[in-house]
Each structure stands twice: as structure tokens, then as C-alpha cells.
>>> print(open('protein-v4.cif').read())   # mmCIF, C-alpha atoms
data_my_file
loop_
_atom_site.label_atom_id
_atom_site.label_comp_id
_atom_site.auth_asym_id
_atom_site.auth_seq_id
_atom_site.Cartn_x
_atom_site.Cartn_y
_atom_site.Cartn_z
CA MET L 723 61.67 34.29 2.42
CA TYR L 724 63.77 35.51 5.36
CA ASP L 725 64.47 38.71 3.44
CA LEU L 726 60.76 39.33 3.13
CA LEU L 727 60.24 38.61 6.81
CA LEU L 728 63.05 40.98 7.75
CA LEU L 729 61.55 43.64 5.51
CA LEU L 730 58.15 43.25 7.15
CA VAL L 731 59.65 43.40 10.64
CA LEU L 732 61.61 46.54 9.74
CA LEU L 733 58.53 48.11 8.20
CA ALA L 734 56.43 47.30 11.25
CA LEU L 735 59.09 48.66 13.60
CA GLY L 736 59.51 51.79 11.48
CA TYR L 737 55.79 52.32 11.33
CA GLY L 738 55.18 51.69 15.03
CA PHE L 739 57.97 53.83 16.41
CA GLY L 740 57.69 56.45 13.68
CA GLN L 741 53.98 57.02 14.18
CA TYR L 742 54.32 57.05 17.95
CA ALA L 743 57.14 59.60 17.82
CA GLU L 744 55.30 61.73 15.29
CA ARG L 745 52.09 61.92 17.30
CA ARG L 746 54.02 62.78 20.47
CA HIS L 747 56.09 65.38 18.67
CA TYR L 748 53.07 67.10 17.15
CA ARG L 749 51.40 67.31 20.54
CA SER L 750 54.51 68.93 21.97
CA ILE L 751 54.85 71.31 19.00
CA VAL L 752 51.26 72.54 19.23
CA GLU L 753 51.57 73.05 22.96
CA ARG L 754 54.86 74.99 22.77
CA GLU L 755 53.67 77.05 19.79
CA ALA L 756 50.75 78.26 21.87
CA ARG L 757 53.13 79.10 24.70
CA LEU L 758 55.59 81.02 22.49
CA ASN L 759 52.93 82.72 20.40
CA ALA L 760 53.42 85.89 22.43
CA LEU L 761 56.89 86.18 20.89
CA PRO L 762 56.22 86.71 17.16
CA ALA L 763 58.66 85.65 14.45
CA ILE L 764 58.42 88.10 11.56
CA ALA L 765 59.76 87.65 8.05
CA SER L 766 60.17 91.39 7.39
CA ARG L 767 63.70 92.76 7.09
CA TYR L 768 62.72 96.12 8.59
CA PRO L 769 62.34 96.12 12.35
CA PRO L 770 60.49 98.98 13.97
CA ALA L 771 62.83 101.92 14.66
CA GLU L 772 61.06 102.94 17.84
CA PRO L 773 61.42 102.09 20.65
CA HIS L 774 65.11 101.30 20.56
CA TYR L 775 66.08 97.60 20.57
CA GLN L 776 69.24 95.64 21.07
CA HIS L 777 69.84 93.12 18.26
CA ALA L 778 71.05 89.55 18.50
CA LEU L 779 71.29 86.62 16.09
CA VAL L 780 69.16 83.70 17.22
CA THR L 781 69.15 80.27 15.62
CA GLY L 782 67.22 77.05 16.00
CA SER L 783 68.31 73.90 14.27
CA THR L 784 66.83 70.43 13.94
CA VAL L 785 68.29 67.34 12.33
CA VAL L 786 65.72 64.78 11.26
CA SER L 787 66.18 61.30 9.97
CA VAL L 788 63.61 59.20 8.24
CA ASP L 789 62.29 55.91 9.58
CA TYR L 790 62.27 52.71 7.55
CA PHE L 791 58.57 52.83 6.83
CA LYS L 792 58.59 56.43 5.56
CA ARG L 793 61.62 55.65 3.43
CA PHE L 794 59.96 52.61 1.91
CA LEU L 795 56.85 54.64 1.20
CA ALA L 796 58.92 57.38 -0.46
CA ALA L 797 60.77 54.78 -2.53
CA LEU L 798 57.44 53.42 -3.75
CA ARG L 799 56.40 56.99 -4.57
CA ASN L 800 59.46 57.17 -6.79
CA LEU L 801 57.80 54.63 -9.06
CA PHE L 802 54.52 56.43 -9.50
CA GLY L 803 55.19 60.10 -8.74
CA GLY L 804 53.02 62.42 -6.69
CA ARG L 805 53.18 63.98 -3.25
CA VAL L 806 55.70 62.32 -0.97
CA THR L 807 53.38 62.72 1.99
CA SER L 808 55.53 60.56 4.25
CA TYR L 809 58.32 63.14 4.05
CA GLU L 810 56.02 66.15 4.20
CA SER L 811 54.99 65.60 7.78
CA LEU L 812 58.59 64.90 8.75
CA LEU L 813 59.86 68.18 7.31
CA ASP L 814 56.87 70.08 8.65
CA ARG L 815 57.84 68.90 12.12
CA ALA L 816 61.48 69.85 11.55
CA ARG L 817 60.61 73.39 10.40
CA ARG L 818 58.29 74.06 13.30
CA GLU L 819 60.67 72.55 15.81
CA SER L 820 63.50 74.74 14.51
CA LEU L 821 61.38 77.86 14.74
CA LEU L 822 60.40 76.93 18.28
CA ARG L 823 64.00 76.44 19.29
CA MET L 824 64.89 79.79 17.76
CA LYS L 825 62.06 81.47 19.66
CA GLN L 826 63.14 79.70 22.83
CA GLN L 827 66.62 81.13 22.39
CA ALA L 828 65.18 84.59 21.77
CA ARG L 829 63.07 84.34 24.91
CA THR L 830 66.12 83.33 26.94
CA LEU L 831 67.80 86.50 25.70
CA GLY L 832 64.79 88.53 26.82
CA ALA L 833 63.68 89.39 23.27
CA VAL L 834 60.10 90.40 22.46
CA MET L 835 60.18 89.47 18.79
CA VAL L 836 62.40 88.07 16.06
CA PHE L 837 62.80 89.80 12.71
CA ASN L 838 64.11 88.79 9.32
CA VAL L 839 63.40 85.10 10.00
CA LYS L 840 64.72 82.68 7.41
CA TYR L 841 65.01 78.93 6.93
CA GLU L 842 67.88 76.91 5.54
CA THR L 843 67.84 73.22 4.74
CA ALA L 844 70.93 71.09 4.28
CA SER L 845 71.11 67.44 3.41
CA ILE L 846 73.64 65.71 5.59
CA SER L 847 73.93 62.47 3.68
CA LYS L 848 73.87 64.17 0.29
CA GLY L 849 74.95 61.79 -2.43
CA ALA L 850 76.26 59.22 0.02
CA GLY L 851 74.57 56.19 -1.47
CA LYS L 852 72.86 53.93 0.97
CA THR L 853 73.29 55.87 4.21
CA ILE L 854 70.25 56.93 6.15
CA GLY L 855 68.92 60.17 4.73
CA SER L 856 68.90 63.03 7.20
CA VAL L 857 68.43 66.75 6.78
CA GLU L 858 69.08 69.72 8.95
CA VAL L 859 66.52 72.49 9.09
CA LEU L 860 67.92 75.75 10.42
CA ALA L 861 65.77 78.74 11.35
CA TYR L 862 67.49 81.99 12.15
CA GLY L 863 66.62 85.64 12.64
CA THR L 864 67.38 88.85 14.47
CA ALA L 865 66.08 88.98 18.01
CA LEU L 866 64.90 92.38 19.22
CA ILE L 867 65.68 92.84 22.88
CA PRO L 868 64.17 95.92 24.51
CA THR L 869 66.82 98.16 26.11
CA PRO L 870 66.03 99.70 29.47
CA SER L 871 64.59 103.18 28.81
CA ARG L 872 67.11 106.02 29.34
CA MET J 149 52.51 98.89 14.75
CA LYS J 150 51.61 95.63 16.43
CA TYR J 151 53.38 92.44 15.32
CA ARG J 152 51.62 89.13 15.78
CA ASN J 153 51.92 85.52 14.65
CA PRO J 154 48.47 84.27 13.78
CA GLN J 155 47.55 80.70 14.77
CA ILE J 156 47.78 78.69 11.54
CA PRO J 157 45.41 75.76 11.22
CA GLU J 158 46.95 72.26 11.12
CA GLY J 159 47.16 70.11 8.03
CA ILE J 160 48.16 72.67 5.39
CA ASN J 161 51.67 71.40 4.83
CA THR J 162 50.88 67.80 5.66
CA SER J 163 48.41 65.27 4.43
CA ASP J 164 45.89 63.64 6.74
CA ARG J 165 45.75 60.54 4.54
CA HIS J 166 46.54 57.51 6.65
CA PRO J 167 50.07 56.28 5.90
CA LEU J 168 48.98 52.64 5.91
CA LYS J 169 46.36 53.40 3.30
CA GLU J 170 48.95 55.04 1.12
CA PHE J 171 51.29 52.12 1.72
CA ALA J 172 48.61 49.65 0.63
CA THR J 173 47.89 51.58 -2.56
CA LEU J 174 51.52 52.01 -3.51
CA ALA J 175 52.69 48.52 -2.57
CA GLY J 176 49.71 46.99 -4.37
CA GLY J 177 50.51 49.01 -7.46
CA ALA J 178 54.17 48.03 -7.32
CA VAL J 179 53.35 44.33 -6.95
CA LEU J 180 50.93 44.57 -9.83
CA LEU J 181 53.58 46.26 -11.93
CA ILE J 182 56.18 43.61 -11.14
CA VAL J 183 53.78 40.78 -11.86
CA ALA J 184 52.63 42.34 -15.13
CA LEU J 185 56.18 43.06 -16.24
CA GLY J 186 57.35 39.60 -15.20
CA TRP J 187 54.52 37.96 -17.08
CA LEU J 188 55.14 40.04 -20.18
CA MET J 189 58.87 39.34 -20.14
CA GLY J 190 58.13 35.66 -19.56
CA GLN J 191 55.89 35.51 -22.61
CA VAL J 192 58.40 37.35 -24.78
CA ALA J 193 61.35 35.28 -23.57
CA GLY J 194 59.34 32.08 -23.95
CA SER J 195 58.45 32.77 -27.56
CA LEU J 196 62.01 33.86 -28.31
CA ALA J 197 63.41 30.71 -26.69
CA GLY J 198 61.15 28.63 -28.91
CA LEU J 199 62.97 30.06 -31.92
CA LEU J 200 66.30 28.70 -30.72
CA PRO J 201 67.51 25.94 -33.09
CA PHE J 202 67.21 22.49 -31.57
CA GLU J 203 70.94 21.79 -32.08
CA LYS J 204 71.77 24.81 -29.89
CA GLU J 205 69.38 23.51 -27.27
CA MET J 206 71.18 20.16 -27.16
CA ALA J 207 74.42 21.93 -26.27
CA LEU J 208 72.80 23.43 -23.15
CA VAL J 209 72.32 20.13 -21.35
CA PRO J 210 74.96 19.12 -18.84
CA LYS J 211 75.96 15.61 -19.87
CA GLU J 212 76.47 14.24 -16.39
CA LEU J 213 72.89 15.05 -15.50
CA LEU J 214 71.55 12.35 -17.72
CA SER J 215 73.18 9.04 -16.98
CA SER J 216 71.03 5.97 -17.41
CA ASP J 217 70.63 3.05 -15.05
CA ALA J 218 68.90 0.94 -17.68
CA GLY J 219 70.43 -2.35 -18.71
CA PRO J 220 70.99 -2.88 -22.46
CA GLU J 221 67.68 -4.71 -23.00
CA LEU J 222 65.59 -2.15 -21.16
CA GLN J 223 67.38 0.71 -22.92
CA ALA J 224 66.82 -0.92 -26.31
CA TYR J 225 63.16 -1.48 -25.50
CA LEU J 226 62.62 2.13 -24.36
CA ASP J 227 64.54 3.47 -27.38
CA ARG J 228 62.43 1.36 -29.74
CA LEU J 229 59.21 2.51 -28.10
CA ALA J 230 60.29 6.16 -28.21
CA ALA J 231 61.45 5.90 -31.81
CA ARG J 232 58.13 4.45 -32.93
CA LEU J 233 56.13 7.05 -31.06
CA GLY J 234 58.40 9.77 -32.41
CA GLN J 235 57.69 8.52 -35.90
CA ASP J 236 53.96 8.60 -35.25
CA MET J 237 54.22 12.12 -33.92
CA ASP J 238 56.20 13.36 -36.94
CA LEU J 239 59.23 14.60 -35.06
CA PRO J 240 61.01 16.96 -37.47
CA GLU J 241 64.38 16.18 -39.00
CA GLY J 242 67.20 16.65 -36.52
CA MET J 243 65.02 16.39 -33.45
CA GLN J 244 65.82 13.17 -31.66
CA VAL J 245 64.54 11.96 -28.37
CA ARG J 246 66.85 10.23 -25.93
CA VAL J 247 65.32 8.24 -23.12
CA HIS J 248 67.20 7.89 -19.85
CA PHE J 249 66.14 5.64 -17.05
CA SER J 250 66.83 6.19 -13.38
CA GLY J 251 66.73 3.25 -10.99
CA ASN J 252 65.52 5.52 -8.19
CA ASP J 253 62.12 4.81 -6.76
CA THR J 254 61.13 8.46 -7.33
CA PHE J 255 57.62 8.69 -8.69
CA ASN J 256 58.40 11.02 -11.56
CA ALA J 257 59.22 11.52 -15.22
CA PHE J 258 60.13 14.61 -17.17
CA ALA J 259 61.42 15.93 -20.46
CA THR J 260 64.25 18.41 -20.40
CA LEU J 261 66.40 20.31 -22.88
CA GLY J 262 67.76 18.70 -26.02
CA GLY J 263 65.11 16.01 -26.32
CA ASN J 264 66.26 14.23 -23.18
CA ILE J 265 63.59 12.36 -21.31
CA LEU J 266 64.16 10.99 -17.86
CA LEU J 267 61.96 8.21 -16.51
CA PHE J 268 62.12 7.08 -12.91
CA ARG J 269 61.63 3.49 -11.84
CA GLY J 270 59.13 4.52 -9.16
CA LEU J 271 56.64 5.65 -11.77
CA VAL J 272 57.43 3.18 -14.56
CA GLU J 273 57.15 0.20 -12.21
CA ALA J 274 53.61 1.20 -11.37
CA LEU J 275 52.46 1.04 -14.99
CA PRO J 276 50.43 -2.08 -15.80
CA HIS J 277 50.97 -2.37 -19.55
CA GLU J 278 52.81 -0.95 -22.52
CA ASN J 279 49.93 1.35 -23.44
CA ALA J 280 50.32 3.37 -20.24
CA LEU J 281 54.08 3.50 -20.69
CA SER J 282 53.57 4.66 -24.27
CA MET J 283 51.18 7.36 -23.09
CA LEU J 284 53.78 8.55 -20.59
CA LEU J 285 56.56 8.51 -23.17
CA ALA J 286 54.40 10.15 -25.83
CA HIS J 287 53.45 12.88 -23.37
CA GLU J 288 57.12 13.67 -22.74
CA ILE J 289 57.98 13.41 -26.45
CA ALA J 290 55.18 15.89 -27.11
CA HIS J 291 56.85 18.32 -24.71
CA VAL J 292 60.04 17.96 -26.74
CA LEU J 293 58.14 18.37 -30.00
CA HIS J 294 56.44 21.52 -28.72
CA ARG J 295 59.79 22.88 -27.46
CA ASP J 296 58.27 23.20 -23.99
CA PRO J 297 61.51 22.68 -21.99
CA ILE J 298 63.39 25.56 -23.63
CA VAL J 299 60.31 27.79 -23.60
CA GLY J 300 59.72 26.97 -19.94
CA ILE J 301 63.34 27.66 -19.02
CA GLY J 302 63.42 30.88 -21.04
CA ARG J 303 60.23 32.02 -19.43
CA GLY J 304 61.36 31.16 -15.92
CA ALA J 305 64.75 32.81 -16.40
CA ALA J 306 63.16 36.02 -17.70
CA ILE J 307 60.69 36.18 -14.83
CA ARG J 308 63.44 35.62 -12.29
CA LEU J 309 65.57 38.26 -13.97
CA VAL J 310 62.81 40.89 -14.01
CA THR J 311 61.73 40.31 -10.43
CA GLY J 312 65.38 40.20 -9.39
CA LEU J 313 66.16 43.50 -11.08
CA LEU J 314 63.10 45.20 -9.64
CA LEU J 315 63.63 43.83 -6.17
CA GLY J 316 67.32 44.57 -6.20
CA SER J 317 68.93 41.14 -6.26
CA PRO J 318 69.28 39.99 -9.86
CA ASP J 319 70.37 36.39 -10.14
CA LEU J 320 72.06 36.59 -13.51
CA ALA J 321 73.45 33.08 -13.26
CA VAL J 322 70.05 31.41 -13.62
CA LEU J 323 71.00 29.53 -16.76
CA GLY J 324 74.05 28.09 -15.09
CA SER J 325 72.33 26.32 -12.22
CA ALA J 326 71.56 22.65 -12.74
CA GLY J 327 68.37 22.86 -10.69
CA ILE J 328 66.40 24.42 -13.48
CA TYR J 329 66.90 21.43 -15.77
CA THR J 330 65.00 19.15 -13.46
CA GLN J 331 62.57 21.61 -11.93
CA LEU J 332 60.76 22.60 -15.05
CA HIS J 333 57.29 23.89 -14.67
CA TYR J 334 55.03 23.81 -17.64
CA SER J 335 51.89 25.80 -17.95
CA ARG J 336 48.59 23.99 -17.99
CA GLY J 337 48.16 24.90 -21.62
CA MET J 338 51.42 23.12 -22.43
CA GLU J 339 50.30 20.05 -20.49
CA ARG J 340 46.95 19.93 -22.27
CA ALA J 341 48.62 20.21 -25.66
CA ALA J 342 51.08 17.46 -24.72
CA ASP J 343 48.22 15.23 -23.56
CA ALA J 344 46.34 15.75 -26.79
CA ALA J 345 49.38 14.99 -28.95
CA ALA J 346 50.25 11.95 -26.85
CA LEU J 347 46.73 10.59 -27.10
CA ARG J 348 46.77 10.93 -30.87
CA ALA J 349 50.11 9.10 -31.05
CA VAL J 350 48.89 6.29 -28.78
CA HIS J 351 45.76 5.89 -30.87
CA GLN J 352 47.81 5.77 -34.04
CA ARG J 353 50.05 3.10 -32.57
CA TYR J 354 47.51 0.78 -30.99
CA GLY J 355 44.31 1.62 -32.83
CA HIS J 356 42.58 2.49 -29.59
CA ILE J 357 43.28 4.55 -26.50
CA GLY J 358 42.41 1.90 -23.96
CA GLY J 359 44.99 1.92 -21.21
CA ALA J 360 46.13 5.47 -21.87
CA ALA J 361 43.73 6.74 -19.27
CA GLU J 362 45.28 4.21 -16.89
CA LEU J 363 48.30 6.50 -16.56
CA PHE J 364 46.20 9.26 -15.05
CA ASN J 365 44.43 6.86 -12.73
CA ILE J 366 47.83 5.79 -11.43
CA LEU J 367 48.92 9.40 -10.99
CA ARG J 368 45.76 10.11 -9.11
CA ALA J 369 46.16 7.08 -6.88
CA GLU J 370 49.73 8.13 -6.08
CA ARG J 371 48.61 11.66 -5.32
CA GLU J 372 46.00 10.37 -2.91
CA ARG J 373 48.44 7.91 -1.37
CA SER J 374 51.01 10.59 -0.66
CA GLY J 375 48.33 12.85 0.75
CA GLY J 376 48.65 15.47 -1.96
CA GLY J 377 51.36 17.17 0.04
CA GLU J 378 54.72 17.55 -1.57
CA MET J 379 54.22 16.70 -5.19
CA PRO J 380 57.00 15.76 -7.58
CA ALA J 381 57.63 18.30 -10.33
CA PHE J 382 55.96 16.01 -12.82
CA PHE J 383 52.49 16.79 -11.60
CA SER J 384 52.72 19.91 -9.54
CA SER J 385 51.72 22.11 -12.47
CA HIS J 386 49.82 19.49 -14.39
CA PRO J 387 46.12 19.96 -14.88
CA LEU J 388 44.07 18.01 -12.41
CA ASP J 389 44.08 14.32 -13.24
CA LEU J 390 40.31 14.21 -13.22
CA ASP J 391 40.26 17.04 -15.73
CA ARG J 392 42.67 15.18 -17.91
CA LEU J 393 40.63 12.00 -17.74
CA GLN J 394 37.54 13.90 -18.78
CA THR J 395 39.42 15.57 -21.61
CA ILE J 396 40.60 12.17 -22.82
CA THR J 397 37.07 10.83 -22.85
CA ALA J 398 35.78 13.91 -24.60
CA THR J 399 38.53 13.82 -27.22
CA ALA J 400 37.97 10.11 -27.83
CA ARG J 401 34.25 10.66 -28.40
CA GLN J 402 34.84 13.61 -30.64
CA GLN J 403 37.33 11.72 -32.80
CA GLY J 404 35.41 8.49 -32.69
CA TRP J 405 38.34 6.62 -31.11
CA HIS J 406 37.80 3.38 -29.25
CA GLU J 407 38.19 3.91 -25.56
CA ASN J 408 38.56 0.25 -24.78
CA GLY J 409 40.84 -2.23 -26.44
CA GLN J 410 43.24 -5.01 -25.80
CA ALA J 411 46.18 -3.62 -23.84
CA THR J 412 49.61 -4.68 -25.06
CA PRO J 413 51.48 -6.35 -22.21
CA LEU J 414 54.93 -5.27 -21.16
CA PRO J 415 57.80 -7.62 -22.12
CA ALA J 416 58.03 -10.71 -19.91
CA ALA J 417 61.42 -9.72 -18.55
CA PHE J 418 60.29 -6.19 -17.65
CA ASN J 419 60.28 -6.80 -13.91
CA ASP J 420 63.80 -8.24 -14.05
CA TRP J 421 64.93 -5.16 -15.94
CA MET J 422 63.46 -2.98 -13.21
CA GLN J 423 65.31 -4.93 -10.52
CA ASP J 424 68.49 -4.66 -12.55
CA ALA J 425 68.12 -0.89 -12.87
CA ALA J 426 67.38 -0.55 -9.16
CA GLY J 427 70.55 -2.51 -8.45
CA ARG J 428 72.60 -0.25 -10.68
CA ALA J 429 71.15 2.82 -8.99
CA ALA J 430 72.10 1.46 -5.59
CA ILE J 431 75.80 0.73 -6.16
CA PRO J 432 78.03 3.54 -7.39
CA GLU J 433 76.90 6.51 -5.33
CA GLY J 434 79.88 8.72 -6.11
CA GLN J 435 79.79 8.46 -9.90
CA ARG J 436 76.16 9.32 -10.43
CA GLN J 437 74.54 12.67 -10.10
CA VAL J 438 72.01 12.80 -7.34
CA ARG J 439 68.78 14.00 -8.77
CA SER J 440 66.58 15.70 -6.33
CA ASP J 441 63.34 17.42 -7.01
#
>>> encode(input="protein-v4.cif", output="C-alpha cells")
Amino acid sequence: MYDLLLLLVLLALGYGFGQYAERRHYRSIVEREARLNALPAIASRYPPAEPHYQHALVTGSTVVSVDYFKRFLAALRNLFGGRVTSYESLLDRARRESLLRMKQQARTLGAVMVFNVKYETASISKGAGKTIGSVEVLAYGTALIPTPSR
Amino acid sequence: MKYRNPQIPEGINTSDRHPLKEFATLAGGAVLLIVALGWLMGQVAGSLAGLLPFEKEMALVPKELLSSDAGPELQAYLDRLAARLGQDMDLPEGMQVRVHFSGNDTFNAFATLGGNILLFRGLVEALPHENALSMLLAHEIAHVLHRDPIVGIGRGAAIRLVTGLLLGSPDLAVLGSAGIYTQLHYSRGMERAADAAALRAVHQRYGHIGGAAELFNILRAERERSGGGEMPAFFSSHPLDLDRLQTITATARQQGWHENGQATPLPAAFNDWMQDAAGRAAIPEGQRQVRSD
């Protein structure tokens, strides 16, 4: 009985805090994306040759962990199969946050765009039984910084 | 060439389905699955348990659980009554019933593994005549005859095992705990079948079923007296007393049995035997098992 109560409390806490954080985060993401839209992140490996740019590696990394509610939902999904929607929004946030951090770094360097942008994902708790699952999402690319014209 | 990042609309990589809605669907499905699986396993285990030979069942009963507070006369009387009823009910070869009597004032009676029947003074004392006592005994003997205790335990153990495995805390020692021998829960179908068999036996013995219904009236009175709150195991899963009374009447009419007849009185010394048993129950606290429901 107490186990069930504890489970419900944990679920309620996970849901409450998780949803609150997610809504806040999305608001911040949308707002910053609009602000950094002037600095495009391009997947192409071939940067424009002209004018001449200085190159620099820029990275943005986010580590996300899953709340109790999302985890419970995903565990239930394990029984029936289908889209694990509770993780989808979490990873969507992590990808966009990483890209934003990368762009922020590029802007700090004075870059006008980032080329050859790629993502990497690494599981931190991989295979470690009952630990909290967390993943890192890393976005990286080549920042093009305009050189003063000679 | 101009490089731009277009504004991508929201909700492509995520789902706008409300998480609580998804939770309700999934949790509901999981609960349904567990219940269905538990029920199925219970049925299978119950029918398998019924195939267990009765001799094997007798070995499962912890001996210390079933001491008797009855004096020699009371024990002989109860044994005689049970033997006669057992004869009437055609107990198969090798299936014997053993009646134990507890001097506690608990209002209860039950049949458990190995043909052991435990009567409590609290209930027996309230019975007005032998017919009601016979009905009670015959009801418990019918449980033994139908193999209800082992089926009930098998069913309960399987259900606990399945839910335990699915919920992550399997209690594999269910058969070892003494609690399950006294906290048997029979299905309503089992209770109905036991009632029917008991009624037939009582009719065969006395030529009428007058007084058998008395047992259910007493149960009902006790239920009302105690406010219907915490019910002893004996009736918690039993069909409603009123239902049972109606079934008795209906069966009697159908079979053409007399509903009224001269009730056979209890032996003259019955009350003394009760006092004697109560006295025995009161003295040696350390040597007897405490039975709690």
C-alpha cells in the first residue's frame, strides 16, 4: 500500500516538475531560436570559397535526464510498443538546445554561419542497470568567421 | 549564394498528445493485462491443484496449526456428527475429515487443507440445535469434498505470483506462510456448491431441512450486530446470507423437501462442553498457536 502511495507521489512530482520545466524550456528555445536565426547552421560540407573566412570548431552539448513520470510512461510503452512520445519531446529539446549553444558559441567568436553541422548522441548510463537514464546530445560544426578585408 | 535556416513549424518531432491521456491508456491497458493474466493463471493453477492427490494435500498442513480445545466428549460428539454427514455425502475412500474445536470466542469456522475443519466456540455456541450445527459441518465437509481449500490456495498463490512477477516483487514463499491456511477465500460459486451439497446431506440425515436455514439467520444477525465492518474470513466472500436463504427455499421447493420439521436438540451437556473448551483455551497461552484472522 505504501509502495503504491510512494509510486503515485513520485509520479505526481515527476509529472508536475517535468511538465513545468518542459513548457519553460520550450518557450526559451523558441525565443532564442528566433534570435539566433540570423546565424544559419548548415549541414553542407562545402563552405563558400568567397569571401575568405577563418574557420573554427564550435560545439554545443546538452545532457538530459528523464523524470520519473516520463520513465514510467516509457516503461509502460515497453509492454505495448509504439512511439515513445514521452522521450521524443525530451530529445527534441536536447537537440535544439545543443544547436543553440553551438550557435551561441559561434556568435561569440564573431562567426556569420556554421557549416558541416552534425549531431552525436551518447548514453551516459549505458547498461548500468537501475541508474537514472541520461544522454548527452552534442552538436558541432565549423564556424565561418569573416576575416577583415585586405 | 545566400544561406538561411528556415523557421520549422513546431510539433514535427514531438507529439501533442497529452501525456496524462497516454498515461491513462497505457496504465489502464497494463492493469487489464495483469488482471487478465492473474485470473487466467489462477484458473489454471486452481484446476491443477484440484488434481493433487488428497494424501499429498494432508502433508501440507502444519500440525501445530490444528490443536483442539475440545474435551473428549465434545470431540467424540463432533467426530460422530462429521462421520455420519461424511457418509451421507459419499466422501471417497481415503478422504477423511478431522474436526478441531477452538475455545476462542471468534465467530468463525473454516475448512482447510487435508480435510481439517476448524470450528470456533463463538459461532458454535450461537447455534440453537443440532440441525444448524450439522448444516455448518456439512458445509465445511462439502468444501473438503469439492477440494476447495487446495484449489483456493493454488489459485491465490498463482495470482500472487503473477502479480508479483509483473510488479517486480515476487513473493515465492507464498506456500510457506501459515497465514494462507486460515485466510482462505472461496469464490461464490464454491460457496453455493457447498451450500447445496450441505443441504442435501442435512435432508438425508434428518428427513427435512428445518433448522438448516437457522444457520444463515444467525450469520446475518451477527453481521448486523457487528455492523458489517470487519468480517471474519468465514463470510467475507460468502454469498449474501439473504441470497443463500432464498436459494435454500428454492432448492427445497424444487426437490419437494420439507422446510419445517422437528429440530434435533443438542446434547444436554453441550453447554458444559463449551465452558470446558473455553477454559482450555484460556489456560496454556504459550503452547497453543494463536489463530488470528
>>> resolve_selection(input="protein-v4.cif", expression="the PyMOL selection byres ((chain J and resi 276-286) around 9)", output="PyMOL selection string")
chain J and resi 226+229-230+233-234+237+247+257+265+267+272-275+287-291+342-343+345-347+349-350+354+357-364+411-415
>>> resolve_selection(input="protein-v4.cif", expression="the PyMOL selection byres ((chain L) within 7 of (chain J))", output="PDB file with C-alpha atoms, in the coordinates of the input")
ATOM      1  CA  ASN L 759      52.930  82.720  20.400  1.00  0.00           C
ATOM      2  CA  PRO L 762      56.220  86.710  17.160  1.00  0.00           C
ATOM      3  CA  ALA L 763      58.660  85.650  14.450  1.00  0.00           C
ATOM      4  CA  LEU L 795      56.850  54.640   1.200  1.00  0.00           C
ATOM      5  CA  LEU L 798      57.440  53.420  -3.750  1.00  0.00           C
ATOM      6  CA  THR L 807      53.380  62.720   1.990  1.00  0.00           C
ATOM      7  CA  GLU L 810      56.020  66.150   4.200  1.00  0.00           C
ATOM      8  CA  SER L 811      54.990  65.600   7.780  1.00  0.00           C
ATOM      9  CA  ASP L 814      56.870  70.080   8.650  1.00  0.00           C
TER      10      ASP L 814
END
>>> residues_around(input="protein-v4.cif", residues="L:Ser783", least_positions_apart="5", cutoff="7 Å", atoms="all atoms listed in the file", output="compact mmCIF listing (two decimals) with C-alpha atoms, in the frame of the given file")
# COMPACT_ATOMS: atom_id res chain seq x y z
CA SER L 820 63.50 74.74 14.51
CA GLU L 858 69.08 69.72 8.95
CA VAL L 859 66.52 72.49 9.09
CA LEU L 860 67.92 75.75 10.42
CA ALA L 861 65.77 78.74 11.35
>>> closest_residue(input="protein-v4.cif", among="J:Ala398, J:Leu222, J:Ala341, J:Ala306", to="J:Met189", atoms="only C-alpha atoms")
J:Ala306
>>> atom_distance(input="protein-v4.cif", atom1="atom CA of J:Thr395", atom2="atom CA of J:Leu261")
27.4 Å
>>> atom_distance(input="protein-v4.cif", atom1="atom CA of J:Leu180", atom2="atom CA of L:Gly738")
26.2 Å
>>> resolve_selection(input="protein-v4.cif", expression="the PyMOL selection byres ((chain L and resi 737) around 8)", output="list in words")
Leu733, Ala734, Leu735, Gly736, Gly738, Phe739, Gly740, Gln741, Asp789, Tyr790, Phe791 and Lys792 of chain L
>>> closest_residue(input="protein-v4.cif", among="J:Ala426, J:Leu293, J:Leu271, J:Ala305", to="J:Asp238", atoms="only C-alpha atoms")
J:Leu293
>>> residues_near_point(input="protein-v4.cif", point="(68.4, 85.3, 26.4)", cutoff="12 Å", atoms="only C-alpha atoms", output="list in words")
Gln776, His777, Ala778, Leu779, Val780, Thr781, Met824, Lys825, Gln826, Gln827, Ala828, Arg829, Thr830, Leu831, Gly832, Ala833, Val834, Met835, Ala865, Leu866, Ile867 and Pro868 of chain L
>>> atom_distance(input="protein-v4.cif", atom1="atom CA of L:Ala844", atom2="atom CA of L:Ala797")
20.4 Å
>>> residues_around(input="protein-v4.cif", residues="L:Val788", least_positions_apart="5", cutoff="10 Å", atoms="all atoms listed in the file", output="list in words")
Gly736, Gly740, Arg793, Phe794, Ser808, Tyr809, Leu812, Leu813, Ile854, Gly855, Ser856 and Val857 of chain L
>>> closest_residue(input="protein-v4.cif", among="L:Asn800, L:Ser845, L:Thr869, L:Ser787", to="L:Tyr775", atoms="only C-alpha atoms")
L:Thr869
>>> residues_around(input="protein-v4.cif", residues="L:Arg815", least_positions_apart="6", cutoff="8 Å", atoms="all atoms listed in the file", output="number ranges by chain")
L: 747-748, 751
